[in-house]
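Q: Supplied structure: upload_0.cif, mmCIF, C-alpha atoms.
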data_model
loop_
_atom_site.label_atom_id
_atom_site.label_comp_id
_atom_site.auth_asym_id
_atom_site.auth_seq_id
_atom_site.Cartn_x
_atom_site.Cartn_y
_atom_site.Cartn_z
CA MET A 22 0.00 0.00 0.00
CA ARG A 23 2.84 2.38 0.76
CA ASN A 24 4.27 2.01 -2.77
CA GLY A 25 0.81 2.63 -4.19
CA LEU A 26 0.38 5.86 -2.24
CA ARG A 27 3.61 7.23 -3.69
CA ARG A 28 2.32 6.99 -7.25
CA THR A 29 0.67 9.93 -8.93
CA ASP A 30 -1.84 7.80 -10.83
CA ARG A 31 -5.24 9.16 -9.92
CA ASN A 32 -6.81 5.70 -9.97
CA VAL A 33 -4.44 4.36 -7.34
CA LEU A 34 -5.26 6.77 -4.51
CA PRO A 35 -8.96 5.85 -4.23
CA VAL A 36 -8.06 2.16 -4.21
CA ALA A 37 -5.43 2.70 -1.52
CA THR A 38 -7.89 4.77 0.51
CA SER A 39 -10.49 2.02 0.23
CA LEU A 40 -8.00 -0.57 1.38
CA LEU A 41 -7.07 1.60 4.32
CA ILE A 42 -10.73 1.95 5.32
CA VAL A 43 -11.25 -1.81 5.04
CA SER A 44 -8.14 -2.42 7.17
CA VAL A 45 -9.36 -0.04 9.86
CA VAL A 46 -12.81 -1.65 9.90
CA PHE A 47 -11.20 -5.09 10.21
CA LEU A 48 -9.03 -4.01 13.11
CA ILE A 49 -12.00 -2.45 14.89
CA GLY A 50 -13.87 -5.73 14.64
CA ALA A 51 -10.85 -7.88 15.36
CA CYS A 52 -9.73 -9.51 18.56
CA ARG A 53 -7.87 -6.78 20.44
CA HIS A 54 -5.55 -6.52 23.39
CA ARG A 55 -6.75 -4.75 26.55
CA ILE A 56 -9.24 -2.23 25.24
CA PRO A 57 -9.33 0.54 27.86
CA SER A 58 -12.98 1.44 27.32
CA GLY A 59 -16.08 -0.72 27.57
CA PRO A 60 -18.80 -1.76 30.00
CA PRO A 61 -17.25 -1.79 33.48
CA ASP A 62 -19.09 -5.01 34.36
CA SER A 63 -17.04 -6.88 31.77
CA GLU A 64 -13.87 -6.52 33.83
CA LEU A 65 -15.76 -7.50 36.97
CA PHE A 66 -16.99 -10.69 35.32
CA TYR A 67 -13.50 -11.31 33.95
CA ARG A 68 -11.92 -11.07 37.40
CA GLN A 69 -14.62 -13.32 38.83
CA GLY A 70 -13.84 -15.88 36.14
CA LEU A 71 -10.13 -15.79 36.88
CA GLU A 72 -10.75 -16.26 40.61
CA ALA A 73 -13.11 -19.19 40.01
CA PHE A 74 -10.74 -20.84 37.54
CA SER A 75 -7.91 -20.60 40.08
CA ARG A 76 -9.98 -22.81 42.40
CA ALA A 77 -10.33 -25.43 39.64
CA THR A 78 -12.88 -28.20 40.05
CA PRO A 79 -15.74 -27.82 40.86
CA ALA A 80 -15.50 -24.08 40.09
CA TYR A 81 -15.05 -24.42 36.31
CA ARG A 82 -18.76 -23.86 35.65
CA GLU A 83 -18.63 -20.68 37.71
CA ALA A 84 -15.62 -19.51 35.69
CA ILE A 85 -17.34 -20.37 32.42
CA GLY A 86 -20.42 -18.36 33.36
CA ALA A 87 -18.32 -15.32 34.26
CA PHE A 88 -16.21 -15.48 31.09
CA ARG A 89 -19.36 -15.91 28.98
CA ARG A 90 -20.85 -12.75 30.45
CA ALA A 91 -17.62 -10.83 29.92
CA SER A 92 -17.42 -12.04 26.29
CA SER A 93 -21.02 -11.09 25.61
CA LEU A 94 -20.28 -7.51 26.69
CA ILE A 95 -17.06 -7.17 24.65
CA PRO A 96 -16.92 -9.98 22.04
CA SER A 97 -13.69 -8.58 20.56
CA ARG A 98 -11.63 -9.03 23.74
CA CYS A 99 -9.28 -11.95 23.06
CA GLU A 100 -8.51 -12.91 26.65
CA TYR A 101 -12.22 -13.30 27.42
CA ARG A 102 -12.72 -15.83 24.64
CA LEU A 103 -9.46 -17.65 25.38
CA HIS A 104 -10.23 -18.01 29.08
CA LEU A 105 -13.74 -19.18 28.21
CA ALA A 106 -12.38 -21.83 25.85
CA GLU A 107 -9.74 -22.97 28.36
CA SER A 108 -12.29 -23.26 31.17
CA LEU A 109 -14.62 -25.26 28.93
CA LEU A 110 -11.81 -27.63 27.99
CA PHE A 111 -10.79 -28.27 31.60
CA LEU A 112 -14.46 -28.81 32.45
CA ALA A 113 -14.62 -31.31 29.57
CA GLN A 114 -11.62 -33.13 31.04
CA GLU A 115 -13.41 -33.31 34.38
CA GLN A 116 -16.65 -34.48 32.77
CA GLN A 117 -14.78 -37.13 30.82
CA LEU A 118 -13.16 -38.44 34.02
CA ASN A 119 -16.58 -38.55 35.68
CA TRP A 120 -18.11 -40.37 32.72
CA GLU A 121 -20.39 -37.41 32.08
CA GLN A 122 -21.41 -35.89 28.74
CA TYR A 123 -18.53 -33.64 27.71
CA VAL A 124 -19.12 -33.08 23.99
CA PRO A 125 -21.23 -29.91 24.53
CA SER A 126 -18.31 -28.36 26.43
CA LEU A 127 -15.98 -29.20 23.54
CA SER A 128 -18.42 -27.75 21.01
CA GLU A 129 -18.69 -24.44 22.84
CA ALA A 130 -14.91 -24.33 23.22
CA ASP A 131 -14.57 -24.89 19.46
CA SER A 132 -16.88 -21.96 18.77
CA SER A 133 -14.84 -19.70 21.01
CA ILE A 134 -11.54 -20.83 19.45
CA ASP A 135 -12.88 -20.40 15.91
CA ALA A 136 -13.95 -16.85 16.71
CA ILE A 137 -10.41 -16.08 17.85
CA GLN A 138 -8.72 -17.73 14.88
CA SER A 139 -10.76 -15.68 12.43
CA ASN A 140 -9.37 -12.48 13.92
CA SER A 141 -6.02 -11.03 14.84
CA ALA A 142 -4.79 -12.48 18.17
CA SER A 143 -1.70 -10.33 18.50
CA GLY A 144 -0.21 -10.63 21.96
CA PHE A 145 -1.97 -13.90 22.76
CA GLY A 146 0.04 -16.37 20.69
CA ALA A 147 1.14 -18.52 23.63
CA PHE A 148 -2.34 -18.64 25.13
CA LEU A 149 -3.92 -19.57 21.79
CA ARG A 150 -1.32 -22.31 21.23
CA ARG A 151 -2.02 -23.72 24.70
CA VAL A 152 -5.76 -23.76 24.11
CA ARG A 153 -5.24 -25.51 20.78
CA ALA A 154 -3.05 -28.10 22.50
CA LEU A 155 -5.76 -28.71 25.09
CA ARG A 156 -8.40 -29.14 22.41
CA LEU A 157 -6.26 -31.52 20.37
CA SER A 158 -5.53 -33.60 23.48
CA PHE A 159 -9.04 -35.05 23.31
CA ASP A 160 -8.09 -36.88 20.09
CA ALA A 161 -5.36 -39.49 20.53
CA ALA A 162 -4.56 -39.29 16.82
CA GLN A 163 -3.71 -35.59 17.27
CA HIS A 164 -1.19 -36.12 20.07
CA SER A 165 1.80 -34.97 18.02
CA ALA A 166 0.01 -31.80 16.95
CA ALA A 167 -1.08 -31.14 20.54
CA LEU A 168 2.48 -31.59 21.77
CA GLU A 169 3.79 -29.27 19.07
CA ASN A 170 1.35 -26.55 20.13
CA ALA A 171 2.21 -27.00 23.81
CA ASN A 172 5.94 -26.71 23.12
CA HIS A 173 5.36 -23.65 20.96
CA ALA A 174 3.35 -22.03 23.77
CA ILE A 175 6.29 -22.56 26.12
CA GLU A 176 8.70 -21.07 23.59
CA LEU A 177 6.51 -17.98 23.40
CA ASP A 178 5.94 -17.70 27.16
CA PRO A 179 8.10 -19.97 29.37
CA ASN A 180 6.93 -18.23 32.56
CA ASP A 181 3.27 -19.23 32.32
CA ALA A 182 2.56 -22.20 34.62
CA MET A 183 -0.43 -23.30 32.55
CA ASN A 184 1.78 -23.83 29.50
CA TRP A 185 3.94 -26.24 31.51
CA LEU A 186 0.89 -27.93 32.99
CA VAL A 187 -0.55 -28.70 29.56
CA LEU A 188 2.83 -30.01 28.44
CA PHE A 189 2.88 -32.26 31.50
CA GLN A 190 -0.51 -33.68 30.55
CA LEU A 191 0.75 -34.48 27.08
CA ASN A 192 4.35 -35.53 27.67
CA SER A 193 4.57 -38.88 29.46
CA ASP A 194 8.25 -39.35 28.54
CA ASP A 195 9.60 -36.60 30.79
CA PRO A 196 6.85 -35.45 33.20
CA ARG A 197 8.96 -34.31 36.13
CA MET A 198 10.45 -31.22 34.53
CA PRO A 199 7.14 -29.74 33.28
CA ILE A 200 5.31 -30.20 36.59
CA ASN A 201 8.25 -28.78 38.53
CA ARG A 202 8.33 -25.73 36.25
CA ALA A 203 4.57 -25.31 36.69
CA LYS A 204 4.96 -25.41 40.48
CA GLU A 205 7.77 -22.87 40.38
CA SER A 206 5.66 -20.47 38.34
CA ALA A 207 2.37 -20.94 40.25
CA PRO A 208 2.87 -22.62 43.65
CA ASP A 209 -0.60 -21.56 44.83
CA LEU A 210 -2.66 -22.66 41.84
CA ALA A 211 -5.01 -25.50 42.83
CA LEU A 212 -4.85 -27.23 39.45
CA VAL A 213 -1.05 -27.29 39.51
CA GLN A 214 -0.84 -28.56 43.09
CA ASN A 215 -3.43 -31.29 42.52
CA THR A 216 -1.64 -32.45 39.37
CA ASP A 217 1.64 -32.58 41.30
CA GLY A 218 -0.07 -34.54 44.08
CA GLN A 219 -1.40 -37.13 41.63
CA TYR A 220 2.04 -37.39 40.06
CA ARG A 221 3.65 -37.93 43.47
CA LEU A 222 1.00 -40.46 44.41
CA ASP A 223 1.65 -42.47 41.24
CA ARG A 224 5.35 -42.49 42.08
CA GLY A 225 4.72 -43.73 45.61
CA GLU A 226 5.88 -40.46 47.17
CA TYR A 227 3.01 -40.46 49.67
CA ALA A 228 4.25 -37.77 52.07
CA GLU A 229 4.85 -35.31 49.22
CA ALA A 230 1.52 -36.20 47.62
CA LYS A 231 -0.39 -35.65 50.85
CA GLN A 232 1.30 -32.29 51.33
CA ALA A 233 0.27 -31.23 47.82
CA PHE A 234 -3.36 -32.31 48.32
CA GLU A 235 -3.61 -30.55 51.66
CA HIS A 236 -2.27 -27.40 49.99
CA VAL A 237 -4.98 -27.69 47.34
CA LEU A 238 -7.70 -27.90 49.99
CA GLN A 239 -6.36 -24.77 51.64
CA ILE A 240 -6.65 -22.95 48.30
CA SER A 241 -9.88 -24.60 47.16
CA PRO A 242 -11.83 -26.26 50.02
CA LEU A 243 -14.34 -27.89 47.63
CA HIS A 244 -11.74 -29.52 45.38
CA PHE A 245 -13.23 -33.02 45.60
CA ARG A 246 -10.44 -34.79 43.72
CA SER A 247 -7.91 -33.69 46.30
CA MET A 248 -10.31 -34.81 49.05
CA THR A 249 -10.41 -38.32 47.73
CA SER A 250 -6.66 -38.52 47.23
CA PRO A 251 -5.76 -37.77 50.87
CA GLY A 252 -8.70 -39.96 51.77
CA TYR A 253 -6.97 -42.80 49.98
CA LEU A 254 -3.77 -42.03 51.81
CA ALA A 255 -5.61 -41.93 55.12
CA SER A 256 -7.18 -45.30 54.37
CA LEU A 257 -3.70 -46.77 54.01
CA GLU A 258 -3.13 -45.72 57.60
CA PHE A 259 -6.54 -47.06 58.71
CA ARG A 260 -7.74 -43.58 59.68
CA PRO A 261 -11.56 -43.30 59.91
CA GLU A 262 -11.67 -39.70 58.61
CA SER A 263 -11.12 -41.04 55.08
CA ILE A 264 -14.82 -42.01 55.00
CA GLY A 265 -15.80 -38.46 55.84
CA LEU A 266 -13.67 -37.12 53.01
CA TYR A 267 -15.23 -39.48 50.48
CA MET A 268 -18.75 -38.59 51.64
CA LYS A 269 -17.98 -34.87 51.30
CA ALA A 270 -16.58 -35.43 47.82
CA LEU A 271 -19.75 -37.29 46.82
CA ASP A 272 -21.88 -34.38 48.02
CA ILE A 273 -19.92 -32.06 45.72
CA SER A 274 -19.71 -34.43 42.72
CA PRO A 275 -22.15 -37.38 42.93
CA THR A 276 -20.88 -38.92 39.68
CA PHE A 277 -17.25 -39.01 40.75
CA LEU A 278 -17.26 -42.24 42.75
CA SER A 279 -19.25 -44.31 40.24
CA ALA A 280 -16.85 -43.37 37.45
CA HIS A 281 -13.90 -44.07 39.75
CA LEU A 282 -15.23 -47.55 40.57
CA VAL A 283 -15.80 -48.37 36.90
CA ARG A 284 -12.23 -47.39 36.02
CA THR A 285 -10.74 -49.50 38.84
CA ARG A 286 -12.63 -52.73 38.09
#
Taking this structure as input, can you express it in the form of structure tokens?
A:
Amino acid sequence: MRNGLRRTDRNVLPVATSLLIVSVVFLIGACRHRIPSGPPDSELFYRQGLEAFSRATPAYREAIGAFRRASSLIPSRCEYRLHLAESLLFLAQEQQLNWEQYVPSLSEADSSIDAIQSNSASGFGAFLRRVRALRLSFDAAQHSAALENANHAIELDPNDAMNWLVLFQLNSDDPRMPINRAKESAPDLALVQNTDGQYRLDRGEYAEAKQAFEHVLQISPLHFRSMTSPGYLASLEFRPESIGLYMKALDISPTFLSAHLVRTR
């Protein structure tokens, strides 16, 4: 366009002007970074969504509702749509583990991702890559593509704990480094601590696992998966409070135990 504007041909200037107008209109409608103006409630809903997401399960639905409201007020705000998609995908993971219907969560996440991809997501490359990796993780045939996106997200932003967490979920060959990096970046994030606890439990590091689960319950008192994990540890020591933990978890997520029993048959 710059070369065109330098010409003296009278036919070129109107074309260049038209292109400039189209470009401006596109940018106005595109996914933008931190628009200073807009309905004040959108930022309130956004902060509510972030707080709920930090508590992880069973707060994903609360986060999704808040991010939906924020997105409806300012559809062009990239971080709203990305956080909505990410929350939906982690909810889908939870629903899948509980043997619940998770396809609707995936479908809504797809819609949110597609809306972002059709626009300019400048400044959110790592986040978008991570969300793509999460979405691809639901298809075993797409594992390589998911891993590629997760690694690219880390290259773009190695300080984001969620990038390392998603890599941990995908990379079974070298899980220790990603979960350790996630813990270093976000030691008080319930999702990170619970994932570390499960990892420690699988390795037979029971004291470390119990410490991680107890930390989760300090951050997120309704995190039923961490309740059942220390409950399992307590049962190894023949402590009666393990029953109370399982009963509390069932009150929060009635489908959890049935799915757990089916998987362990």
Q: Between atom CA of A:Ala230 and atom CA of A:Glu107, what is the spacing in Å?
A: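 Atom CA of A:Ala230 lies at a distance of 25.9 Å from atom CA of A:Glu107.
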Q: Could you check which residues have any atom within 12 Å of (-17.8, -29.2, 23.9), counting only C-alpha atoms with coordinates taken straight from the file, and then list them as a PDB file with C-alpha atoms, in the frame of the given file?
A:
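Saved result, part-v9.pdb, follows:
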ATOM      1  CA  LEU A 105     -13.740 -19.180  28.210  1.00  0.00           C
ATOM      2  CA  ALA A 106     -12.380 -21.830  25.850  1.00  0.00           C
ATOM      3  CA  GLU A 107      -9.740 -22.970  28.360  1.00  0.00           C
ATOM      4  CA  SER A 108     -12.290 -23.260  31.170  1.00  0.00           C
ATOM      5  CA  LEU A 109     -14.620 -25.260  28.930  1.00  0.00           C
ATOM      6  CA  LEU A 110     -11.810 -27.630  27.990  1.00  0.00           C
ATOM      7  CA  PHE A 111     -10.790 -28.270  31.600  1.00  0.00           C
ATOM      8  CA  LEU A 112     -14.460 -28.810  32.450  1.00  0.00           C
ATOM      9  CA  ALA A 113     -14.620 -31.310  29.570  1.00  0.00           C
ATOM     10  CA  GLN A 114     -11.620 -33.130  31.040  1.00  0.00           C
ATOM     11  CA  GLN A 116     -16.650 -34.480  32.770  1.00  0.00           C
ATOM     12  CA  GLN A 117     -14.780 -37.130  30.820  1.00  0.00           C
ATOM     13  CA  GLU A 121     -20.390 -37.410  32.080  1.00  0.00           C
ATOM     14  CA  GLN A 122     -21.410 -35.890  28.740  1.00  0.00           C
ATOM     15  CA  TYR A 123     -18.530 -33.640  27.710  1.00  0.00           C
ATOM     16  CA  VAL A 124     -19.120 -33.080  23.990  1.00  0.00           C
ATOM     17  CA  PRO A 125     -21.230 -29.910  24.530  1.00  0.00           C
ATOM     18  CA  SER A 126     -18.310 -28.360  26.430  1.00  0.00           C
ATOM     19  CA  LEU A 127     -15.980 -29.200  23.540  1.00  0.00           C
ATOM     20  CA  SER A 128     -18.420 -27.750  21.010  1.00  0.00           C
ATOM     21  CA  GLU A 129     -18.690 -24.440  22.840  1.00  0.00           C
ATOM     22  CA  ALA A 130     -14.910 -24.330  23.220  1.00  0.00           C
ATOM     23  CA  ASP A 131     -14.570 -24.890  19.460  1.00  0.00           C
ATOM     24  CA  SER A 132     -16.880 -21.960  18.770  1.00  0.00           C
ATOM     25  CA  SER A 133     -14.840 -19.700  21.010  1.00  0.00           C
ATOM     26  CA  ILE A 134     -11.540 -20.830  19.450  1.00  0.00           C
ATOM     27  CA  ARG A 156      -8.400 -29.140  22.410  1.00  0.00           C
ATOM     28  CA  PHE A 159      -9.040 -35.050  23.310  1.00  0.00           C
TER      29      PHE A 159
END
Q: What's the 8 Å shell around A:Thr249, counting all atoms listed in the file, without same-chain residues fewer than 5 positions away, as a PyMOL selection string?
A: chain A and resi 263+266-267+270
Q: Pull out every residue that the PyMOL selection byres ((chain A and resi 166-176) around 10) matches in the shown coordinates and put them as a ChimeraX atom specification.
A: /A:145-165,177-192
Q: Could you jot down the atom CA of A:Ser206 to atom CA of A:Ala233 separation for me, Å, one decimal place?
A: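 Atom-to-atom, atom CA of A:Ser206 to atom CA of A:Ala233, that is 15.3 Å.
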Q: Report, in Å to a single decimal, how far apart atom CA of A:Arg98 and atom CA of A:Asp62 are.
A: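 Distance between the two atoms: 13.6 Å.
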